[in-house]
Amino acid sequence: MTPPHSRVTQQRQRVDGAAAFLLHAYPYSETSLILEVFARDHGRLAILARGARRPRSALRAVLVSFQPLELGWFGGGEVKTLAKAEWLGGMPLLAREGLLLGYYLNELLLKLLPREDAHANLFDAYAAALAALSRGATETAELRRFEKAMLRELGYGLLLDHDGAGNEIDVAGRYRYLVERGAMPEALAESGVLVTGKTLLDLAADDYSDARSLAESKQLMRHLLSHYLSGQPLQTRRVFLELQDV
Amino acid sequence: MATPSSLDALVAALRCLPGVGPKSAQRMVYHLLQHDPRGAERLAKALETALRTLRHCDRCNNFTEAEVCDRCLSSKRDPSQLCVVEMPADLNIMEQTHAFQGLYYVLMGRLSPLDGIGPRELAFDRLLARASDGVVKEVILATNLTNEGEATAHYLSEMLHARGVKVSRIARGLPLGSELEYSDAASVAQAFIERRDY
C-alpha cells in the first residue's frame, strides 16, 4: 500500500501553470537547455528543457527572457524537468538600452536570490520594472525602485526615515550610510556612503525627480549591492561600461 | 587494470566537443581505434592542418587560409554593403538566399552580458574599423532575432551611426508560407507590433 504522504510528495513534485520569467539559459547536451527561472510562487529554479535547442523546437519562440510565461514542471531534485511552457504575452519585447537594463536585473536576481525561496512581492516588482522598460523607460529610477524592493524582500531592508540612533532624518542634514547600521550624522561616522537627508527621504518615498537624490541613491545602492554580492563583480555592469568606451 | 594514459587523454580531448560527455567520448575512441584507424589518422591530420593553416580573414573575420578570403577579394561583390552576422553558419544561409551581393563581417558570437561576453570579447573595434573604411555605405545588421542578437544590433547601430555610417536591420515577421492560425503567439504579436504601412 502506498504510504499516505507519498501523494502529497508527488503533488509537490508536479507544478502546473506557474507564472514565471526566464532569467537565463545554458546549453545542456546537444539539444537541451538548463533554464534559470524566477517563478512567482516557487522562487528561483533550475529547469531542464529537453529538446529546446532542436532547430524546429516550438519552445524557441516561448522560452524568451523578459516575457511573462506560464510554466509546468516535475521532479523533486535540484534540477526540475520542464513539462509545459506557454507564452502569455502582453509585454512588448525589450529593446535598445532596455535590454541591457533587463540583463542587469536578471544578474542581480541570479546572484542574490537563493534557490526555491518564493518571493511573490519581488516577482511583482520585477514584472513592474520589466513592464516599465518594455514601454521604453530607461530612467535609472526604475532600477533604483527595483533594487530597493529586492533588498527589502531579501531581508536587507534599508532604514531611510530614521538614523542609526533612532532620530528622524533631517532633510537638510548630511549623513554617512553604513551597511546594516543605517545612516549616521556625518560628524559621527568616518566611513560609509555620503548622502544628504533629502536623498534618504526621497529614496524612502521612491521619488527620484531630484537629480542629486538620483545620483546619490545610485552610489548608495551600488555600495550596498556590492556588500551583499560579497565583492562578486557584475558582468552586466562591466559590459555596459565597455560599451560606453568603444 | 588501469586504462592506458594515451587512451584516457584521447577520451578527455574529445570531450571538448559540444554535447560530448564521457560515455560518448569513450564510444568514439573505441570506434576510431578498433574499427577505423585510417579514419582516425585522417581526422588527426585534418585537424592538425586546419589548425595550422586557418585564420580569420582580415576583412570579414570568417575562417580562411589567406590573409583576405576569396569572397572579400571578389570583384563581383558590392563593397558598399556590409552585412554583419553572428556566426559562419549565418553567413552560409544568407548566401543561400541569393538576395545579397555585398560583403560580410562575422562577429563570431553575440553580446551576452550574463555570460560575460561584451564588446571586447567580440572585438567590436575591428568591425567598426572595417565599416568606416570609406567604401562601405550601408551596414546591414543580420544578428539573430533573440534578445542577445537584438542587444548586439542595438549597440552596433549606435556606434556605427556615431561614425556616420547608414545602418539597417533585417526585418522581423512571420515565416514565408506560414498561416496565422498555426504560428506561435509571440511571433504573431511581434509581427503585429512592427506592422508597416501598406
# chains A, B, ... in the order shown; residues from 1 in each chain; ligands from 1

call {"tool": "closest_atom_pairs", "arguments": {"of": "chain B", "to": "chain A", "cutoff": "12 Å", "atoms": "only C-alpha atoms", "output": "JSON lines"}}
result
{"residue": "B:Arg15", "atom": "CA", "partner": "A:Ser29", "partner_atom": "CA", "distance": 11.4}
{"residue": "B:Leu17", "atom": "CA", "partner": "A:Glu30", "partner_atom": "CA", "distance": 9.9}
{"residue": "B:Pro18", "atom": "CA", "partner": "A:Glu30", "partner_atom": "CA", "distance": 6.7}
{"residue": "B:Gly19", "atom": "CA", "partner": "A:Ser29", "partner_atom": "CA", "distance": 4.2}
{"residue": "B:Val20", "atom": "CA", "partner": "A:Ser29", "partner_atom": "CA", "distance": 7.2}
{"residue": "B:Gly21", "atom": "CA", "partner": "A:Ser29", "partner_atom": "CA", "distance": 8.0}
{"residue": "B:Pro22", "atom": "CA", "partner": "A:Ser29", "partner_atom": "CA", "distance": 11.7}
{"residue": "B:Ser24", "atom": "CA", "partner": "A:Ser29", "partner_atom": "CA", "distance": 11.2}
{"residue": "B:Leu111", "atom": "CA", "partner": "A:Val239", "partner_atom": "CA", "distance": 8.7}
{"residue": "B:Ser112", "atom": "CA", "partner": "A:Thr236", "partner_atom": "CA", "distance": 8.7}
{"residue": "B:Pro113", "atom": "CA", "partner": "A:Thr236", "partner_atom": "CA", "distance": 4.9}
{"residue": "B:Leu114", "atom": "CA", "partner": "A:Gln235", "partner_atom": "CA", "distance": 6.2}
{"residue": "B:Asp115", "atom": "CA", "partner": "A:Gln235", "partner_atom": "CA", "distance": 7.6}
{"residue": "B:Gly116", "atom": "CA", "partner": "A:Gln235", "partner_atom": "CA", "distance": 5.4}
{"residue": "B:Ile117", "atom": "CA", "partner": "A:Val239", "partner_atom": "CA", "distance": 7.4}
{"residue": "B:Gly118", "atom": "CA", "partner": "A:Val239", "partner_atom": "CA", "distance": 5.0}
{"residue": "B:Pro119", "atom": "CA", "partner": "A:Leu243", "partner_atom": "CA", "distance": 6.3}
{"residue": "B:Arg120", "atom": "CA", "partner": "A:Glu242", "partner_atom": "CA", "distance": 7.3}
{"residue": "B:Glu121", "atom": "CA", "partner": "A:Val239", "partner_atom": "CA", "distance": 9.9}
{"residue": "B:Leu122", "atom": "CA", "partner": "A:Val239", "partner_atom": "CA", "distance": 11.3}
{"residue": "B:Ala123", "atom": "CA", "partner": "A:Val246", "partner_atom": "CA", "distance": 9.7}
{"residue": "B:Phe124", "atom": "CA", "partner": "A:Val246", "partner_atom": "CA", "distance": 7.5}
{"residue": "B:Asp125", "atom": "CA", "partner": "A:Val246", "partner_atom": "CA", "distance": 6.8}
{"residue": "B:Arg126", "atom": "CA", "partner": "A:Val246", "partner_atom": "CA", "distance": 10.6}
{"residue": "B:Leu127", "atom": "CA", "partner": "A:Val246", "partner_atom": "CA", "distance": 11.2}
{"residue": "B:Leu128", "atom": "CA", "partner": "A:Val246", "partner_atom": "CA", "distance": 9.2}
{"residue": "B:Ala129", "atom": "CA", "partner": "A:Val246", "partner_atom": "CA", "distance": 11.3}
{"residue": "B:Leu145", "atom": "CA", "partner": "A:Ala61", "partner_atom": "CA", "distance": 10.3}
{"residue": "B:Thr146", "atom": "CA", "partner": "A:Val64", "partner_atom": "CA", "distance": 7.9}
{"residue": "B:Asn147", "atom": "CA", "partner": "A:Leu99", "partner_atom": "CA", "distance": 7.2}
{"residue": "B:Glu148", "atom": "CA", "partner": "A:Leu99", "partner_atom": "CA", "distance": 8.4}
{"residue": "B:Gly149", "atom": "CA", "partner": "A:Leu99", "partner_atom": "CA", "distance": 10.6}
{"residue": "B:Glu150", "atom": "CA", "partner": "A:Ala95", "partner_atom": "CA", "distance": 7.2}
{"residue": "B:Ala151", "atom": "CA", "partner": "A:Leu99", "partner_atom": "CA", "distance": 6.3}
{"residue": "B:Thr152", "atom": "CA", "partner": "A:Arg96", "partner_atom": "CA", "distance": 9.3}
{"residue": "B:Ala153", "atom": "CA", "partner": "A:Arg96", "partner_atom": "CA", "distance": 8.7}
{"residue": "B:His154", "atom": "CA", "partner": "A:Arg96", "partner_atom": "CA", "distance": 5.5}
{"residue": "B:Tyr155", "atom": "CA", "partner": "A:Leu243", "partner_atom": "CA", "distance": 7.4}
{"residue": "B:Leu156", "atom": "CA", "partner": "A:Leu243", "partner_atom": "CA", "distance": 9.4}
{"residue": "B:Ser157", "atom": "CA", "partner": "A:Arg96", "partner_atom": "CA", "distance": 9.9}
{"residue": "B:Glu158", "atom": "CA", "partner": "A:Arg96", "partner_atom": "CA", "distance": 9.6}
{"residue": "B:Met159", "atom": "CA", "partner": "A:Val246", "partner_atom": "CA", "distance": 7.7}
{"residue": "B:Leu160", "atom": "CA", "partner": "A:Val246", "partner_atom": "CA", "distance": 10.8}
{"residue": "B:Ala162", "atom": "CA", "partner": "A:Val246", "partner_atom": "CA", "distance": 11.0}
{"residue": "B:Arg163", "atom": "CA", "partner": "A:Val246", "partner_atom": "CA", "distance": 11.6}
{"residue": "B:Leu174", "atom": "CA", "partner": "A:Ala61", "partner_atom": "CA", "distance": 11.8}
{"residue": "B:Tyr182", "atom": "CA", "partner": "A:Ala58", "partner_atom": "CA", "distance": 11.2}
{"residue": "B:Ser183", "atom": "CA", "partner": "A:Ala58", "partner_atom": "CA", "distance": 9.8}
{"residue": "B:Asp184", "atom": "CA", "partner": "A:Ala61", "partner_atom": "CA", "distance": 6.9}
{"residue": "B:Ala185", "atom": "CA", "partner": "A:Trp87", "partner_atom": "CA", "distance": 7.3}
{"residue": "B:Ala186", "atom": "CA", "partner": "A:Ala61", "partner_atom": "CA", "distance": 6.4}
{"residue": "B:Ser187", "atom": "CA", "partner": "A:Ala61", "partner_atom": "CA", "distance": 7.1}
{"residue": "B:Val188", "atom": "CA", "partner": "A:Ala61", "partner_atom": "CA", "distance": 10.4}
{"residue": "B:Ala189", "atom": "CA", "partner": "A:Gly89", "partner_atom": "CA", "distance": 7.9}
{"residue": "B:Gln190", "atom": "CA", "partner": "A:Pro92", "partner_atom": "CA", "distance": 7.7}
{"residue": "B:Ala191", "atom": "CA", "partner": "A:Pro92", "partner_atom": "CA", "distance": 11.2}
{"residue": "B:Phe192", "atom": "CA", "partner": "A:Pro92", "partner_atom": "CA", "distance": 10.7}
{"residue": "B:Ile193", "atom": "CA", "partner": "A:Pro92", "partner_atom": "CA", "distance": 8.0}
{"residue": "B:Glu194", "atom": "CA", "partner": "A:Pro92", "partner_atom": "CA", "distance": 10.4}

call {"tool": "select_by_dssp", "arguments": {"residues": "segment 52-88 of chain B", "states": "alpha helix (DSSP H)", "output": "list in words"}}
result
Arg52, Thr53, Asp70, Arg71, Cys72, Leu73 and Pro88 of chain B

call {"tool": "residues_around", "arguments": {"residues": "Leu54 of chain B", "least_positions_apart": "3", "cutoff": "7 Å", "atoms": "only C-alpha atoms", "output": "list in words"}}
result
Ala50, Leu51, Phe63, Thr64 and Glu65 of chain B

call {"tool": "write_last_selection", "arguments": {"atoms": "all heavy atoms", "output": "mmCIF file, in the first residue's frame"}}
result
data_model
loop_
_atom_site.group_PDB
_atom_site.id
_atom_site.type_symbol
_atom_site.label_atom_id
_atom_site.label_comp_id
_atom_site.auth_asym_id
_atom_site.auth_seq_id
_atom_site.Cartn_x
_atom_site.Cartn_y
_atom_site.Cartn_z
ATOM 1 N N ALA B 50 44.151 22.029 -40.372
ATOM 2 C CA ALA B 50 43.215 23.148 -40.212
ATOM 3 C C ALA B 50 43.751 24.132 -39.187
ATOM 4 O O ALA B 50 43.737 25.349 -39.391
ATOM 5 C CB ALA B 50 41.850 22.617 -39.794
ATOM 6 N N LEU B 51 44.235 23.605 -38.062
ATOM 7 C CA LEU B 51 44.749 24.481 -37.008
ATOM 8 C C LEU B 51 45.953 25.276 -37.492
ATOM 9 O O LEU B 51 46.153 26.426 -37.103
ATOM 10 C CB LEU B 51 45.142 23.650 -35.786
ATOM 11 C CG LEU B 51 43.985 23.254 -34.892
ATOM 12 C CD1 LEU B 51 44.468 22.343 -33.780
ATOM 13 C CD2 LEU B 51 43.324 24.497 -34.298
ATOM 14 N N PHE B 63 36.649 32.286 -41.301
ATOM 15 C CA PHE B 63 37.839 31.456 -41.427
ATOM 16 C C PHE B 63 38.323 31.432 -42.874
ATOM 17 O O PHE B 63 37.526 31.362 -43.808
ATOM 18 C CB PHE B 63 37.537 30.022 -40.974
ATOM 19 C CG PHE B 63 37.292 29.935 -39.502
ATOM 20 C CD1 PHE B 63 36.010 29.702 -39.009
ATOM 21 C CD2 PHE B 63 38.331 30.114 -38.609
ATOM 22 C CE1 PHE B 63 35.783 29.637 -37.650
ATOM 23 C CE2 PHE B 63 38.107 30.052 -37.239
ATOM 24 C CZ PHE B 63 36.836 29.810 -36.755
ATOM 25 N N THR B 64 39.634 31.513 -43.039
ATOM 26 C CA THR B 64 40.224 31.479 -44.369
ATOM 27 C C THR B 64 41.675 31.020 -44.244
ATOM 28 O O THR B 64 42.225 30.993 -43.127
ATOM 29 C CB THR B 64 40.177 32.870 -45.037
ATOM 30 O OG1 THR B 64 40.865 32.791 -46.273
ATOM 31 C CG2 THR B 64 40.842 33.925 -44.165
ATOM 32 N N GLU B 65 42.266 30.665 -45.379
ATOM 33 C CA GLU B 65 43.684 30.274 -45.321
ATOM 34 C C GLU B 65 44.589 31.437 -45.708
ATOM 35 O O GLU B 65 45.790 31.403 -45.449
ATOM 36 C CB GLU B 65 43.938 29.072 -46.242
ATOM 37 C CG GLU B 65 43.340 27.797 -45.665
ATOM 38 C CD GLU B 65 43.564 26.591 -46.534
ATOM 39 O OE1 GLU B 65 44.103 26.751 -47.645
ATOM 40 O OE2 GLU B 65 43.188 25.502 -46.101
#

call {"tool": "closest_residue", "arguments": {"among": "A:Ala85, A:Val37, A:Leu71, A:Leu105", "to": "Ala149 of chain A", "atoms": "only C-alpha atoms"}}
result
A:Leu105

call {"tool": "residues_around", "arguments": {"residues": "segment 134-144 of chain B", "least_positions_apart": "4", "cutoff": "6 Å", "atoms": "only C-alpha atoms", "output": "list in words"}}
result
Ser80, Gln81, Leu82, Cys83, Val84, Val85, Glu86, Gly149, Lys166, Val167, Ser168, Arg169 and Ile170 of chain B

call {"tool": "write_last_selection", "arguments": {"atoms": "C-alpha atoms", "output": "short mmCIF file (atom, residue, chain, number, x, y, z; two decimals), in the first residue's frame"}}
result
data_model
loop_
_atom_site.label_atom_id
_atom_site.label_comp_id
_atom_site.auth_asym_id
_atom_site.auth_seq_id
_atom_site.Cartn_x
_atom_site.Cartn_y
_atom_site.Cartn_z
CA SER B 80 29.41 49.34 -50.41
CA GLN B 81 27.15 46.96 -48.44
CA LEU B 82 28.41 45.14 -45.36
CA CYS B 83 26.22 42.51 -43.71
CA VAL B 84 27.03 41.68 -40.05
CA VAL B 85 26.20 38.14 -38.91
CA GLU B 86 26.88 36.29 -35.68
CA GLY B 149 21.16 39.37 -31.11
CA LYS B 166 23.99 54.18 -42.66
CA VAL B 167 22.60 51.21 -40.72
CA SER B 168 19.71 48.85 -41.42
CA ARG B 169 18.35 45.81 -39.57
CA ILE B 170 16.81 42.69 -41.11
#

call {"tool": "atom_distance", "arguments": {"atom1": "atom CA of Ala120 of chain A", "atom2": "atom CA of Trp73 of chain A"}}
result
18.7 Å

call {"tool": "select_by_dssp", "arguments": {"residues": "segment 22-95 of chain A", "states": "strand (DSSP E or B)", "output": "ChimeraX atom specification"}}
result
/A:22-28,32-39,43-49,69-74,79-87

call {"tool": "write_last_selection", "arguments": {"atoms": "N, CA, C and O atoms", "output": "compact mmCIF listing (two decimals), in the first residue's frame"}}
result
# COMPACT_ATOMS: atom_id res chain seq x y z
N LEU A 22 11.89 33.82 -17.46
CA LEU A 22 13.17 33.17 -17.72
C LEU A 22 14.28 34.18 -17.44
O LEU A 22 14.28 35.27 -18.01
N LEU A 23 15.21 33.82 -16.55
CA LEU A 23 16.31 34.74 -16.24
C LEU A 23 17.51 34.50 -17.14
O LEU A 23 18.18 35.43 -17.58
N HIS A 24 17.80 33.22 -17.38
CA HIS A 24 18.96 32.89 -18.21
C HIS A 24 18.81 31.43 -18.64
O HIS A 24 18.06 30.68 -18.04
N ALA A 25 19.54 31.05 -19.68
CA ALA A 25 19.50 29.66 -20.14
C ALA A 25 20.90 29.24 -20.55
O ALA A 25 21.63 30.03 -21.15
N TYR A 26 21.28 28.02 -20.19
CA TYR A 26 22.59 27.49 -20.55
C TYR A 26 22.37 26.27 -21.45
O TYR A 26 21.48 25.46 -21.18
N PRO A 27 23.20 26.12 -22.49
CA PRO A 27 23.10 24.90 -23.31
C PRO A 27 23.39 23.68 -22.44
O PRO A 27 24.25 23.73 -21.56
N TYR A 28 22.65 22.61 -22.69
CA TYR A 28 22.91 21.36 -21.97
C TYR A 28 22.78 20.22 -22.96
O TYR A 28 21.77 20.13 -23.65
N SER A 32 19.48 20.35 -25.54
CA SER A 32 18.64 20.83 -24.43
C SER A 32 19.18 22.11 -23.80
O SER A 32 20.27 22.57 -24.13
N LEU A 33 18.38 22.65 -22.91
CA LEU A 33 18.76 23.87 -22.19
C LEU A 33 18.50 23.67 -20.70
O LEU A 33 17.55 22.98 -20.32
N ILE A 34 19.35 24.25 -19.88
CA ILE A 34 19.01 24.38 -18.46
C ILE A 34 18.53 25.82 -18.29
O ILE A 34 19.24 26.77 -18.62
N LEU A 35 17.30 25.94 -17.80
CA LEU A 35 16.72 27.27 -17.63
C LEU A 35 16.91 27.73 -16.19
O LEU A 35 16.73 26.94 -15.26
N GLU A 36 17.26 28.97 -16.03
CA GLU A 36 17.20 29.61 -14.71
C GLU A 36 15.93 30.43 -14.73
O GLU A 36 15.80 31.39 -15.49
N VAL A 37 14.98 30.04 -13.87
CA VAL A 37 13.64 30.60 -13.94
C VAL A 37 13.32 31.29 -12.62
O VAL A 37 13.78 30.85 -11.56
N PHE A 38 12.56 32.38 -12.69
CA PHE A 38 12.05 33.02 -11.48
C PHE A 38 10.53 32.88 -11.51
O PHE A 38 9.86 33.52 -12.33
N ALA A 39 10.00 32.00 -10.66
CA ALA A 39 8.56 31.75 -10.64
C ALA A 39 7.94 32.47 -9.45
O ALA A 39 8.54 32.50 -8.36
N GLY A 43 9.90 30.80 -6.48
CA GLY A 43 11.24 31.37 -6.41
C GLY A 43 12.09 31.03 -7.61
O GLY A 43 11.59 30.74 -8.69
N ARG A 44 13.41 31.02 -7.39
CA ARG A 44 14.35 30.78 -8.48
C ARG A 44 14.60 29.28 -8.59
O ARG A 44 14.90 28.62 -7.60
N LEU A 45 14.47 28.76 -9.80
CA LEU A 45 14.57 27.32 -10.03
C LEU A 45 15.44 27.04 -11.25
O LEU A 45 15.51 27.85 -12.17
N ALA A 46 16.06 25.86 -11.25
CA ALA A 46 16.73 25.37 -12.45
C ALA A 46 15.84 24.30 -13.08
O ALA A 46 15.38 23.39 -12.39
N ILE A 47 15.54 24.45 -14.36
CA ILE A 47 14.64 23.51 -15.04
C ILE A 47 15.29 23.07 -16.35
O ILE A 47 15.75 23.89 -17.13
N LEU A 48 15.29 21.74 -16.56
CA LEU A 48 15.83 21.20 -17.80
C LEU A 48 14.75 21.23 -18.89
O LEU A 48 13.65 20.70 -18.68
N ALA A 49 15.02 21.87 -20.00
CA ALA A 49 14.07 21.90 -21.12
C ALA A 49 14.62 20.99 -22.22
O ALA A 49 15.52 21.39 -22.97
N LEU A 69 5.71 34.20 -18.71
CA LEU A 69 5.49 32.82 -19.15
C LEU A 69 4.65 32.08 -18.13
O LEU A 69 4.53 32.49 -16.97
N GLU A 70 4.04 30.98 -18.60
CA GLU A 70 3.37 30.07 -17.68
C GLU A 70 4.04 28.72 -17.86
O GLU A 70 4.04 28.17 -18.97
N LEU A 71 4.65 28.22 -16.78
CA LEU A 71 5.45 27.00 -16.90
C LEU A 71 4.88 25.88 -16.05
O LEU A 71 4.25 26.12 -15.01
N GLY A 72 5.11 24.65 -16.50
CA GLY A 72 4.80 23.47 -15.70
C GLY A 72 6.05 22.61 -15.67
O GLY A 72 6.79 22.56 -16.64
N TRP A 73 6.31 21.96 -14.51
CA TRP A 73 7.49 21.11 -14.43
C TRP A 73 7.26 19.99 -13.44
O TRP A 73 6.29 20.02 -12.68
N PHE A 74 8.13 19.02 -13.43
CA PHE A 74 8.06 17.95 -12.44
C PHE A 74 9.47 17.60 -11.98
O PHE A 74 10.45 18.02 -12.59
N VAL A 79 17.40 20.06 -10.11
CA VAL A 79 17.02 20.47 -11.47
C VAL A 79 15.71 19.78 -11.84
O VAL A 79 15.63 18.56 -11.88
N LYS A 80 14.67 20.56 -12.06
CA LYS A 80 13.36 20.01 -12.46
C LYS A 80 13.36 19.74 -13.95
O LYS A 80 14.27 20.16 -14.67
N THR A 81 12.29 19.11 -14.43
CA THR A 81 12.16 18.88 -15.87
C THR A 81 10.95 19.64 -16.37
O THR A 81 9.86 19.56 -15.79
N LEU A 82 11.14 20.39 -17.43
CA LEU A 82 10.05 21.20 -17.98
C LEU A 82 8.99 20.29 -18.60
O LEU A 82 9.31 19.38 -19.38
N ALA A 83 7.72 20.54 -18.24
CA ALA A 83 6.65 19.75 -18.83
C ALA A 83 5.89 20.59 -19.85
O ALA A 83 5.45 20.10 -20.88
N LYS A 84 5.76 21.86 -19.58
CA LYS A 84 4.92 22.70 -20.42
C LYS A 84 5.40 24.14 -20.32
O LYS A 84 5.82 24.58 -19.25
N ALA A 85 5.33 24.85 -21.42
CA ALA A 85 5.70 26.27 -21.37
C ALA A 85 4.79 27.03 -22.30
O ALA A 85 4.59 26.65 -23.45
N GLU A 86 4.19 28.08 -21.77
CA GLU A 86 3.34 28.92 -22.62
C GLU A 86 3.75 30.38 -22.49
O GLU A 86 4.12 30.84 -21.42
N TRP A 87 3.67 31.05 -23.63
CA TRP A 87 3.99 32.47 -23.67
C TRP A 87 2.72 33.23 -23.39
O TRP A 87 1.70 33.02 -24.06

call {"tool": "atom_distance", "arguments": {"atom1": "atom CA of Tyr177 of chain A", "atom2": "atom CA of Val193 of chain A"}}
result
5.0 Å

call {"tool": "atom_distance", "arguments": {"atom1": "atom CA of Asn62 of chain B", "atom2": "atom CA of Gly51 of chain A"}}
result
29.2 Å

call {"tool": "residues_around", "arguments": {"residues": "Leu203 of chain A", "least_positions_apart": "4", "cutoff": "7 Å", "atoms": "only C-alpha atoms", "output": "list in words"}}
result
Thr199, Asp207 and Ser217 of chain A

call {"tool": "residues_around", "arguments": {"residues": "Val171 of chain A", "least_positions_apart": "4", "cutoff": "10 Å", "atoms": "only C-alpha atoms", "output": "PyMOL selection string"}}
result
chain A and resi 161+196-202

call {"tool": "decode", "arguments": {"residues": "segment 205-224 of chain A", "atoms": "N, CA and C atoms", "output": "mmCIF file, in the first residue's frame"}}
result
data_model
loop_
_atom_site.group_PDB
_atom_site.id
_atom_site.type_symbol
_atom_site.label_atom_id
_atom_site.label_comp_id
_atom_site.auth_asym_id
_atom_site.auth_seq_id
_atom_site.Cartn_x
_atom_site.Cartn_y
_atom_site.Cartn_z
ATOM 1 N N ALA A 205 10.675 57.448 -0.303
ATOM 2 C CA ALA A 205 9.401 57.706 -0.988
ATOM 3 C C ALA A 205 9.447 57.284 -2.452
ATOM 4 N N ASP A 206 10.563 56.688 -2.898
ATOM 5 C CA ASP A 206 10.738 56.336 -4.310
ATOM 6 C C ASP A 206 10.544 57.545 -5.216
ATOM 7 N N ASP A 207 11.010 58.705 -4.747
ATOM 8 C CA ASP A 207 10.886 59.922 -5.551
ATOM 9 C C ASP A 207 12.277 60.266 -6.091
ATOM 10 N N TYR A 208 12.458 60.125 -7.394
ATOM 11 C CA TYR A 208 13.784 60.338 -7.965
ATOM 12 C C TYR A 208 13.805 61.544 -8.899
ATOM 13 N N SER A 209 12.905 62.503 -8.628
ATOM 14 C CA SER A 209 12.810 63.655 -9.528
ATOM 15 C C SER A 209 13.991 64.617 -9.333
ATOM 16 N N ASP A 210 14.614 64.572 -8.154
ATOM 17 C CA ASP A 210 15.769 65.435 -7.889
ATOM 18 C C ASP A 210 17.035 64.728 -8.387
ATOM 19 N N ALA A 211 17.765 65.403 -9.281
ATOM 20 C CA ALA A 211 18.932 64.770 -9.907
ATOM 21 C C ALA A 211 19.966 64.346 -8.867
ATOM 22 N N ARG A 212 20.125 65.167 -7.831
ATOM 23 C CA ARG A 212 21.105 64.834 -6.798
ATOM 24 C C ARG A 212 20.681 63.591 -6.019
ATOM 25 N N SER A 213 19.391 63.518 -5.679
ATOM 26 C CA SER A 213 18.885 62.337 -4.978
ATOM 27 C C SER A 213 19.115 61.086 -5.813
ATOM 28 N N LEU A 214 18.879 61.221 -7.107
ATOM 29 C CA LEU A 214 19.030 60.065 -8.003
ATOM 30 C C LEU A 214 20.490 59.614 -8.038
ATOM 31 N N ALA A 215 21.395 60.592 -8.173
ATOM 32 C CA ALA A 215 22.813 60.250 -8.256
ATOM 33 C C ALA A 215 23.313 59.643 -6.951
ATOM 34 N N GLU A 216 22.895 60.232 -5.832
ATOM 35 C CA GLU A 216 23.357 59.703 -4.538
ATOM 36 C C GLU A 216 22.736 58.344 -4.242
ATOM 37 N N SER A 217 21.470 58.155 -4.658
ATOM 38 C CA SER A 217 20.820 56.853 -4.473
ATOM 39 C C SER A 217 21.595 55.780 -5.214
ATOM 40 N N LYS A 218 22.081 56.138 -6.412
ATOM 41 C CA LYS A 218 22.823 55.185 -7.224
ATOM 42 C C LYS A 218 24.093 54.754 -6.499
ATOM 43 N N GLN A 219 24.823 55.743 -5.960
ATOM 44 C CA GLN A 219 26.055 55.430 -5.217
ATOM 45 C C GLN A 219 25.755 54.555 -4.007
ATOM 46 N N LEU A 220 24.687 54.928 -3.297
ATOM 47 C CA LEU A 220 24.332 54.185 -2.088
ATOM 48 C C LEU A 220 23.973 52.737 -2.447
ATOM 49 N N MET A 221 23.139 52.572 -3.476
ATOM 50 C CA MET A 221 22.703 51.233 -3.868
ATOM 51 C C MET A 221 23.883 50.405 -4.350
ATOM 52 N N ARG A 222 24.795 51.044 -5.083
ATOM 53 C CA ARG A 222 25.945 50.309 -5.602
ATOM 54 C C ARG A 222 26.784 49.778 -4.442
ATOM 55 N N HIS A 223 26.945 50.647 -3.424
ATOM 56 C CA HIS A 223 27.729 50.256 -2.249
ATOM 57 C C HIS A 223 27.066 49.071 -1.529
ATOM 58 N N LEU A 224 25.745 49.179 -1.324
ATOM 59 C CA LEU A 224 25.030 48.129 -0.598
ATOM 60 C C LEU A 224 25.052 46.818 -1.385
#
